[in-house]
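Undergrad: Contents of run.cif (mmCIF, C-alpha atoms (C1' of nucleotides)) are given next:
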```cif
data_work
#
loop_
_atom_site.label_atom_id
_atom_site.label_comp_id
_atom_site.auth_asym_id
_atom_site.auth_seq_id
_atom_site.Cartn_x
_atom_site.Cartn_y
_atom_site.Cartn_z
CA MET A 2 88.80 186.18 114.04
CA ASN A 3 87.00 183.06 112.93
CA LYS A 4 86.60 180.98 116.06
CA ASN A 5 85.03 178.01 114.33
CA TYR A 6 88.33 176.18 114.15
CA MET A 7 87.00 172.64 113.90
CA ARG A 8 84.54 173.45 111.11
CA ALA A 9 86.44 176.10 109.25
CA ILE A 10 87.48 174.13 106.18
CA PRO A 11 85.25 175.13 103.25
CA LYS A 12 83.70 172.46 101.07
CA ALA A 13 85.69 173.62 98.09
CA TRP A 14 88.88 172.89 100.04
CA ARG A 15 88.06 169.27 100.77
CA ASN A 16 89.70 167.99 97.62
CA ILE A 17 92.32 170.67 97.66
CA ALA A 18 93.79 169.49 100.92
CA LYS A 19 94.80 166.28 99.17
CA VAL A 20 96.29 168.24 96.31
CA PHE A 21 98.52 170.15 98.67
CA THR A 22 99.59 167.01 100.46
CA ALA A 23 100.30 165.34 97.12
CA LEU A 24 102.37 168.25 95.85
CA GLY A 25 104.18 168.67 99.16
CA ASP A 26 106.53 165.79 98.44
CA GLU A 27 109.66 166.38 96.41
CA HIS A 28 109.52 163.07 94.54
CA ARG A 29 105.97 163.71 93.53
CA GLN A 30 106.90 167.18 92.30
CA ARG A 31 109.69 165.68 90.22
CA ILE A 32 107.31 163.11 88.78
CA LEU A 33 104.91 165.86 87.75
CA LEU A 34 107.73 167.78 86.11
CA THR A 35 108.74 164.71 84.13
CA PHE A 36 105.62 165.03 81.99
CA GLU A 37 105.99 167.13 78.89
CA PRO A 38 103.03 169.00 77.40
CA GLY A 39 100.14 166.68 76.65
CA GLU A 40 102.25 163.62 77.34
CA ARG A 41 101.17 160.31 78.80
CA LEU A 42 103.72 158.16 80.64
CA ASN A 43 103.52 154.66 82.02
CA VAL A 44 104.97 153.52 85.34
CA GLY A 45 108.06 151.97 83.78
CA GLN A 46 109.00 155.17 82.02
CA ILE A 47 108.85 157.11 85.26
CA VAL A 48 110.80 154.44 87.10
CA GLU A 49 113.54 154.77 84.46
CA VAL A 50 114.26 158.38 85.37
CA ALA A 51 113.30 158.31 89.04
CA THR A 52 115.70 157.34 91.80
CA LEU A 53 113.16 155.07 93.44
CA SER A 54 112.04 151.49 93.23
CA ARG A 55 109.13 150.52 91.03
CA SER A 56 106.85 150.02 94.03
CA ALA A 57 107.74 153.40 95.50
CA VAL A 58 106.93 155.10 92.20
CA SER A 59 103.66 153.20 92.06
CA HIS A 60 102.87 154.41 95.56
CA HIS A 61 103.51 158.06 94.68
CA LEU A 62 101.48 157.77 91.50
CA LYS A 63 98.61 156.41 93.54
CA ILE A 64 98.73 159.39 95.89
CA LEU A 65 98.80 161.80 92.93
CA ARG A 66 95.89 160.00 91.30
CA GLU A 67 93.82 159.91 94.46
CA ALA A 68 94.42 163.64 94.87
CA GLY A 69 93.06 164.12 91.35
CA VAL A 70 96.32 165.53 90.05
CA LEU A 71 96.90 162.59 87.70
CA GLU A 72 94.53 160.43 85.74
CA SER A 73 95.30 156.99 84.42
CA VAL A 74 94.13 154.27 82.10
CA LYS A 75 95.27 150.69 81.66
CA GLU A 76 96.19 149.76 78.11
CA GLY A 77 97.32 146.21 77.72
CA LYS A 78 100.02 145.51 80.24
CA ALA A 79 100.86 149.14 80.87
CA VAL A 80 99.11 151.82 82.91
CA TYR A 81 99.39 155.29 81.39
CA PHE A 82 99.23 158.46 83.47
CA TRP A 83 98.69 162.08 82.50
CA ILE A 84 98.25 165.32 84.35
CA ALA A 85 94.71 166.48 85.05
CA LYS A 86 95.50 169.97 83.85
CA ASP A 87 92.07 171.54 84.28
CA PHE A 88 91.46 170.02 87.69
CA LEU A 89 94.84 171.18 88.94
CA THR A 90 94.57 174.74 87.67
CA ASP A 91 90.98 175.04 88.89
CA ALA A 92 91.91 173.76 92.33
CA LEU A 93 94.74 176.25 92.73
CA GLN A 94 92.58 179.03 91.31
CA THR A 95 89.97 178.25 93.96
CA VAL A 96 92.51 178.82 96.69
CA ILE A 97 93.79 182.01 95.09
CA GLU A 98 90.27 183.39 94.90
CA HIS A 99 89.56 182.43 98.48
CA VAL A 100 92.70 184.23 99.60
CA ARG A 101 91.96 187.31 97.51
CA LYS A 102 88.46 187.59 98.94
CA ASN A 103 88.95 186.48 102.51
CA VAL A 104 92.48 187.43 103.55
CA MET B 5 109.50 163.22 78.52
CA ASN B 6 111.81 165.25 80.70
CA LYS B 7 114.49 162.83 81.86
CA ASN B 8 116.26 165.27 84.12
CA TYR B 9 114.48 163.96 87.18
CA MET B 10 117.00 165.05 89.79
CA ARG B 11 117.25 168.61 88.47
CA ALA B 12 113.73 169.10 87.25
CA ILE B 13 112.49 171.44 89.96
CA PRO B 14 112.44 175.00 88.59
CA LYS B 15 113.93 177.82 90.64
CA ALA B 16 110.53 179.42 90.97
CA TRP B 17 109.30 176.22 92.64
CA ARG B 18 111.94 176.15 95.36
CA ASN B 19 109.89 178.21 97.76
CA ILE B 20 106.65 176.78 96.53
CA ALA B 21 107.52 173.28 97.64
CA LYS B 22 107.46 174.51 101.22
CA VAL B 23 104.15 176.21 100.65
CA PHE B 24 102.56 172.98 99.54
CA THR B 25 104.01 171.11 102.49
CA ALA B 26 102.78 173.82 104.83
CA LEU B 27 99.27 173.80 103.41
CA GLY B 28 99.11 170.01 103.28
CA ASP B 29 98.37 169.75 107.00
CA GLU B 30 94.83 170.08 108.26
CA HIS B 31 95.70 171.97 111.42
CA ARG B 32 97.68 174.49 109.42
CA GLN B 33 94.78 174.94 107.04
CA ARG B 34 92.49 175.58 109.97
CA ILE B 35 94.92 178.08 111.41
CA LEU B 36 95.00 179.95 108.12
CA LEU B 37 91.22 180.00 107.98
CA THR B 38 91.08 181.47 111.47
CA PHE B 39 92.42 184.77 110.16
CA GLU B 40 89.80 187.22 108.99
CA PRO B 41 90.55 189.75 106.26
CA GLY B 42 93.56 191.89 107.14
CA GLU B 43 93.68 190.52 110.66
CA ARG B 44 96.71 189.91 112.83
CA LEU B 45 96.61 187.25 115.54
CA ASN B 46 99.04 186.30 118.26
CA VAL B 47 99.85 182.79 119.35
CA GLY B 48 97.59 182.88 122.38
CA GLN B 49 94.57 183.83 120.30
CA ILE B 50 95.12 180.88 117.98
CA VAL B 51 95.68 178.52 120.89
CA GLU B 52 92.30 179.60 122.27
CA VAL B 53 90.39 178.23 119.28
CA ALA B 54 92.76 175.41 118.29
CA THR B 55 92.57 171.93 119.74
CA LEU B 56 96.30 171.78 120.31
CA SER B 57 98.80 172.71 122.97
CA ARG B 58 100.54 176.04 122.81
CA SER B 59 103.79 174.50 121.69
CA ALA B 60 102.12 172.56 118.91
CA VAL B 61 100.50 175.73 117.64
CA SER B 62 103.85 177.49 117.85
CA HIS B 63 105.36 174.65 115.83
CA HIS B 64 102.77 174.94 113.08
CA LEU B 65 103.12 178.69 112.97
CA LYS B 66 106.84 178.27 112.53
CA ILE B 67 106.32 175.98 109.55
CA LEU B 68 103.86 178.41 108.01
CA ARG B 69 106.25 181.31 108.55
CA GLU B 70 109.22 179.45 107.12
CA ALA B 71 107.15 178.60 104.07
CA GLY B 72 106.46 182.33 103.66
CA VAL B 73 102.73 181.88 104.12
CA LEU B 74 102.69 183.85 107.36
CA GLU B 75 104.72 186.82 108.49
CA SER B 76 105.22 187.84 112.08
CA VAL B 77 106.42 190.59 114.32
CA LYS B 78 107.10 190.67 118.01
CA GLU B 79 105.35 193.43 119.90
CA GLY B 80 106.04 193.45 123.57
CA LYS B 81 105.44 190.00 124.96
CA ALA B 82 103.27 188.84 122.09
CA VAL B 83 104.17 187.72 118.56
CA TYR B 84 101.62 188.73 115.97
CA PHE B 85 101.10 186.78 112.75
CA TRP B 86 99.35 187.68 109.52
CA ILE B 87 98.89 186.03 106.16
CA ALA B 88 101.34 187.01 103.43
CA LYS B 89 98.55 187.48 100.95
CA ASP B 90 100.59 188.61 97.95
CA PHE B 91 103.26 185.97 98.41
CA LEU B 92 100.69 183.23 98.69
CA THR B 93 98.65 184.26 95.67
CA ASP B 94 101.78 184.84 93.60
CA ALA B 95 103.18 181.45 94.53
CA LEU B 96 100.02 179.62 93.53
CA GLN B 97 99.73 181.72 90.38
CA THR B 98 103.25 180.68 89.44
CA VAL B 99 102.24 177.03 89.59
CA ILE B 100 99.08 177.65 87.60
CA GLU B 101 101.03 179.41 84.89
CA HIS B 102 103.60 176.65 84.79
CA VAL B 103 100.87 174.07 84.39
CA ARG B 104 99.10 176.08 81.71
CA LYS B 105 102.29 176.48 79.69
CA ASN B 106 103.99 173.17 80.26
CA VAL B 107 101.33 170.55 80.78
"C1'" DT C 21 111.58 189.66 140.88
"C1'" DC C 22 107.56 187.79 139.15
"C1'" DA C 23 104.06 186.75 135.76
"C1'" DA C 24 102.80 186.40 130.87
"C1'" DC C 25 103.99 184.98 126.46
"C1'" DA C 26 106.51 182.44 123.13
"C1'" DT C 27 109.95 179.21 121.57
"C1'" DA C 28 113.20 175.29 122.11
"C1'" DA C 29 114.53 170.74 123.75
"C1'" DC C 30 113.23 166.31 124.61
"C1'" DG C 31 110.93 161.95 124.38
"C1'" DA C 32 106.77 159.33 122.95
"C1'" DT C 33 103.65 158.20 119.51
"C1'" DA C 34 101.88 158.25 114.91
"C1'" DT C 35 102.34 158.62 110.09
"C1'" DA C 36 105.00 158.40 105.74
"C1'" DT C 37 108.33 156.47 102.91
"C1'" DT C 38 110.87 152.78 101.04
"C1'" DT C 39 112.25 148.23 99.46
"C1'" DG C 40 111.85 143.38 98.24
"C1'" DA C 41 108.72 139.66 97.88
"C1'" DA C 42 104.32 138.05 96.73
"C1'" DC C 43 100.44 138.61 93.90
"C1'" DA C 44 97.63 139.93 89.77
"C1'" DT C 45 96.95 140.65 84.89
"C1'" DA C 46 97.96 140.91 79.91
"C1'" DT C 47 100.74 139.44 75.99
"C1'" DG C 48 102.94 136.30 72.94
"C1'" DG C 49 105.18 131.92 71.64
"C1'" DC C 50 104.66 127.21 71.54
"C1'" DG D 11 95.41 125.97 76.21
"C1'" DC D 12 99.89 126.42 78.76
"C1'" DC D 13 103.89 128.61 80.14
"C1'" DA D 14 107.19 132.36 80.29
"C1'" DT D 15 107.65 137.20 80.32
"C1'" DA D 16 106.43 142.04 81.02
"C1'" DT D 17 104.04 145.33 83.69
"C1'" DG D 18 101.84 147.08 87.93
"C1'" DT D 19 99.98 146.71 92.45
"C1'" DT D 20 99.86 145.22 97.15
"C1'" DC D 21 101.82 143.51 101.36
"C1'" DA D 22 104.91 143.33 105.32
"C1'" DA D 23 108.71 145.09 107.68
"C1'" DA D 24 112.23 148.48 108.39
"C1'" DT D 25 113.49 153.09 108.48
"C1'" DA D 26 112.66 157.90 108.50
"C1'" DT D 27 110.00 161.86 109.37
"C1'" DA D 28 106.22 164.46 111.59
"C1'" DT D 29 103.44 165.53 115.24
"C1'" DC D 30 102.41 166.39 119.97
"C1'" DG D 31 102.73 167.30 124.93
"C1'" DT D 32 105.58 168.22 128.91
"C1'" DT D 33 109.12 170.62 130.58
"C1'" DA D 34 112.79 173.88 130.29
"C1'" DT D 35 114.54 178.21 128.58
"C1'" DG D 36 114.33 182.95 126.93
"C1'" DT D 37 112.05 187.75 126.80
"C1'" DT D 38 109.23 191.42 127.95
"C1'" DG D 39 106.61 194.37 130.99
"C1'" DA D 40 104.65 195.42 135.48
#
```
Would you write out, as structure tokens, the structure that this file holds?

TA:
Amino acid sequence: MNKNYMRAIPKAWRNIAKVFTALGDEHRQRILLTFEPGERLNVGQIVEVATLSRSAVSHHLKILREAGVLESVKEGKAVYFWIAKDFLTDALQTVIEHVRKNV
Amino acid sequence: MNKNYMRAIPKAWRNIAKVFTALGDEHRQRILLTFEPGERLNVGQIVEVATLSRSAVSHHLKILREAGVLESVKEGKAVYFWIAKDFLTDALQTVIEHVRKNV
DNA sequence: TCAACATAACGATATATTTGAACATATGGC
DNA sequence: GCCATATGTTCAAATATATCGTTATGTTGA
């Protein structure tokens, strides 16, 4: 039993905590699943299919970006988002490996 | 662009959504990290190291169990929990594979 | 029956989510 | 340049959800 409760979160998990929080919301999952392979989408395109206001979509996109799950770039008036594929798979792989070794 | 926003969540993700929600909380992460390899712990043992009341710990354990991350059995007066290692790794692997194929 | 252990019920507080309005920025027509 | 429009973000306020502790309830074993 690891009694070091208040210090137990490994460094590698620091970013991952945000990933889990980001992916723990149903709207944010649906947004992720809206992207097709290699695709970039702007806010307006996501608002079109989502059942949320523009500002709510913007809010969720911000959370996903701050978690590292999405990346974005502003091009003219629009802001384009895409999925940070490598970051996301690496983050989840880190947790899998931790569980395999330490559980 | 996948426009089927309201139906976009794959069957395989149904359970996984709960996993992400469960792992998105810092206390629940710390609880998970309290378990050492192959170990079973009862509620009282976790309360000892946690900085939460017994009922709060019980609440978090319930969320983890309902997400499938923990399993439990009652033995006498105590309820013992352990990490559902295979379920957890499989669930995360499912997401990784989805991302690799579809992102 | 009593004590130990765990969960459930309840209310209080904190955090998250959501929308509409205000604000910021880029584009294009005049 | 100047104004209107298109696109996003931020803010404030309302609502909803989550978290937590206290207390009550249920179960098991001595």

Undergrad: Please, which residues of chain A lie no more than 8 Å from chain D when the count uses only C-alpha atoms (C1' of nucleotides), and can they be set out as a compact mmCIF listing (two decimals) with C-alpha atoms, keeping the file's coordinate frame?

TA:
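Full text of out.txt as output:
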```
# COMPACT_ATOMS: atom_id res chain seq x y z
CA VAL A 44 104.97 153.52 85.34
CA GLY A 45 108.06 151.97 83.78
CA SER A 56 106.85 150.02 94.03
CA SER A 59 103.66 153.20 92.06
CA LYS A 78 100.02 145.51 80.24
CA ALA A 79 100.86 149.14 80.87
CA VAL A 80 99.11 151.82 82.91
```

Undergrad: At what distance in Å, to one decimal, does atom CA of Ala88 of chain B lie from atom CA of Gly72 of chain B?

TA: 6.9 Å

Undergrad: Once the PyMOL selection byres ((chain C and resi 46) around 7) is applied to the coordinates I shared, what remains selected? I want it as number ranges by chain.

TA: A: 77-78; C: 45, 47

Undergrad: Could you please determine the separation between atom CA of Phe88 of chain A and atom CA of Val107 of chain B in Å, to one decimal place?

TA: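 Going from atom CA of Phe88 of chain A over to atom CA of Val107 of chain B covers 12.1 Å.
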
Undergrad: Which one of C:DC25, C:DA41, C:DC50, C:DC30 sits closest to chain B if you count all atoms listed in the file?

TA: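 Once distances to chain B are computed over all atoms listed in the file, the minimum belongs to C:DC25.
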
Undergrad: Show me, as an mmCIF file with C-alpha atoms, keeping the file's coordinate frame, every residue of chain A with an atom at most 12 Å from chain C, counting all atoms listed in the file.

TA:
```
data_model
loop_
_atom_site.group_PDB
_atom_site.id
_atom_site.type_symbol
_atom_site.label_atom_id
_atom_site.label_comp_id
_atom_site.auth_asym_id
_atom_site.auth_seq_id
_atom_site.Cartn_x
_atom_site.Cartn_y
_atom_site.Cartn_z
ATOM 1 C CA THR A 22 99.590 167.010 100.460
ATOM 2 C CA ASP A 26 106.530 165.790 98.440
ATOM 3 C CA GLU A 27 109.660 166.380 96.410
ATOM 4 C CA HIS A 28 109.520 163.070 94.540
ATOM 5 C CA THR A 52 115.700 157.340 91.800
ATOM 6 C CA LEU A 53 113.160 155.070 93.440
ATOM 7 C CA SER A 54 112.040 151.490 93.230
ATOM 8 C CA ARG A 55 109.130 150.520 91.030
ATOM 9 C CA SER A 56 106.850 150.020 94.030
ATOM 10 C CA ALA A 57 107.740 153.400 95.500
ATOM 11 C CA VAL A 58 106.930 155.100 92.200
ATOM 12 C CA SER A 59 103.660 153.200 92.060
ATOM 13 C CA HIS A 60 102.870 154.410 95.560
ATOM 14 C CA HIS A 61 103.510 158.060 94.680
ATOM 15 C CA ILE A 64 98.730 159.390 95.890
ATOM 16 C CA LYS A 75 95.270 150.690 81.660
ATOM 17 C CA GLU A 76 96.190 149.760 78.110
ATOM 18 C CA GLY A 77 97.320 146.210 77.720
ATOM 19 C CA LYS A 78 100.020 145.510 80.240
ATOM 20 C CA ALA A 79 100.860 149.140 80.870
ATOM 21 C CA VAL A 80 99.110 151.820 82.910
#
```

Undergrad: Atom CA of Ile87 of chain B and atom CA of Glu75 of chain B are how many Å apart?

TA: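 Computing the Euclidean distance for atom CA of Ile87 of chain B and atom CA of Glu75 of chain B yields 6.3 Å.
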
Undergrad: Using the chain letters and numbers from the file, which residues does the PyMOL selection byres ((chain A) within 8 of (chain B)) grab, as a VMD selection string?

TA: chain A and resid 2 to 7 9 to 10 18 to 27 30 to 32 34 to 40 42 50 to 51 84 86 89 to 90 93 to 94 97 100 to 104
